[in-house]
Every structure is written in structure tokens, then in C-alpha cells.
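Single-structure report; data block below.
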Amino acid sequence: MASQTEIEYKFIISKCRSLFEKKTIDYGTAWRIMRLPSITDQIFIKAQRIRSIQEKGKQLVEDDVNAEFIGIINYCVIALIQMFLPQDAALELDHEFVIKRYNEEVQATMDLFLLKNHDYGEAWREMRVSSITDIILMKIHRTKQIEDNGGKTLVSEGLDANYRDMLNYAVFALIRSGYAN
């Protein structure tokens, strides 16, 4: 039987996937043109906006902050899909293939989350959403550094681990914000 956390996680992912699917119908896979550093910068823009609103206590553009966390999740999945596509993959990908890959990357990320969640005892539930935002921004800076180093690390996890962590932290933020209720 699924835990409450797993139910909330899957609910959030279903909302993210639904938006991703609709945008794929509208735009195709236009995101394929983006290199990984550009996707990382898109994630940065969304996380920086969230932090700015958190610090200022108000926003002038009424776009929902939760939508920014959803954007972070979907851009992380896009990055993971891009990472594992062959260099010569077509710019426009088949809708069913893309959704299959989306589901595979989300499942791998959720599996990682469930393992870590067991070990950490759901400590994230006690975190402030602002702290989660800061961790996402830190992971973005780590990702940029790895990208600037040509993907090479000495002892650190690679790009995929950072994208998976950012995705999971964005899910945490949405759960903590009450989005899954």
C-alpha cells in the first residue's frame, strides 16, 4: 500500500505530466533545441523568481509560484530526457516516445526519492519552503559548475543526480505548500 507521501508525490507528478503533455501537443518538442546549460538556466530563472517573491513578500506578476515549481519539475525531466538521447536524435520526437521517457525519468527519480525518504525519515517535511528554494538554487549552481567543467567531477555526483534532486525538492516544496491537498 502506498504511503501518504507517495500518494502526494504521484498527485503532483500527474499534474506536471498533464501540463507537459498539453505543451507537447501545442509546441511539439521545441525544447530539443536547448543544450543542457540552457535548460539549467531555465530552472535557475524559475527558482530565482520564487526566491525573489519569498524575500520581497509580494509579486507584481500574478503567475502562481506553484507553477514555477511545476516548471522546475518539468525542466528537470526535459534535462534528463535530453541527457540520455543519442546525439543524432531528431529535433521533433514522437509524442508517445516523449511521454514514455517522461514516465521513465519520473519513475527513476521517485524510486530514488523513496529510498532517500526512508533513510532521512521525511526530514524535508520539517523544512521551510524558502530553505527548499535555497537548496534548489544551490543544486543549480553545482550543476552549472559541473557543466562548466565539461561534465567532469572528482568525487561528486553527476548532472543527472543534480537534476533528480532538484526535481524532488520541487515536489517537496509543492507538498509543503499544500498543493497536493
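The chains in the C-alpha cells are called A, B, ... from first to last as shown; in each chain the residues are counted from 1, and the ligands are counted from 1 in the order shown.
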
### Message
Need the shell around Gln54 (chain A): protein/DNA/RNA residues with any atom at most 10 Å away, counting only C-alpha atoms. Skip same-chain ones fewer than 6 positions apart. Format as a PyMOL selection string?
### Response
chain A and resi 48+65+129-130+133

### Query
Using only C-alpha atoms, which of the listed residues (A:Tyr9, A:Ser18, A:Asn168, A:Ile33) sits closest to Glu92 (chain A)?
A:Ile33

Taking only C-alpha atoms into account, produce a table as JSON lines in which each residue of region 3-30 of chain A with an atom at most 12 Å from an atom of region 112-120 of chain A appears once, together with its shortest atom pair and the distance in Å to one decimal, ordered by chain and rising number.
```
{"residue": "A:Ser3", "atom": "CA", "partner": "A:Leu114", "partner_atom": "CA", "distance": 10.0}
{"residue": "A:Gln4", "atom": "CA", "partner": "A:Leu114", "partner_atom": "CA", "distance": 11.8}
{"residue": "A:Thr5", "atom": "CA", "partner": "A:Leu114", "partner_atom": "CA", "distance": 9.0}
{"residue": "A:Glu6", "atom": "CA", "partner": "A:Leu114", "partner_atom": "CA", "distance": 7.9}
{"residue": "A:Ile7", "atom": "CA", "partner": "A:Leu114", "partner_atom": "CA", "distance": 11.7}
{"residue": "A:Tyr9", "atom": "CA", "partner": "A:Phe113", "partner_atom": "CA", "distance": 9.6}
{"residue": "A:Lys10", "atom": "CA", "partner": "A:Leu114", "partner_atom": "CA", "distance": 11.7}
```

### Task
Taking the DSSP assignment computed from this structure's backbone, write out as JSON, numbers by chain all residues of region 50-171 of chain A that belong to helix (DSSP H, G or I).
{"A": [50, 51, 52, 53, 54, 55, 56, 65, 66, 67, 68, 69, 70, 71, 72, 73, 74, 75, 76, 77, 78, 79, 80, 81, 82, 83, 95, 96, 97, 98, 99, 100, 101, 102, 103, 104, 105, 106, 107, 108, 109, 110, 111, 112, 113, 114, 115, 116, 117, 118, 119, 120, 123, 124, 125, 126, 129, 130, 131, 132, 133, 134, 135, 136, 137, 138, 139, 140, 141, 142, 143, 144, 145, 146, 147, 148, 159, 160, 161, 162, 163, 164, 165, 166, 167, 168, 169, 170, 171]}
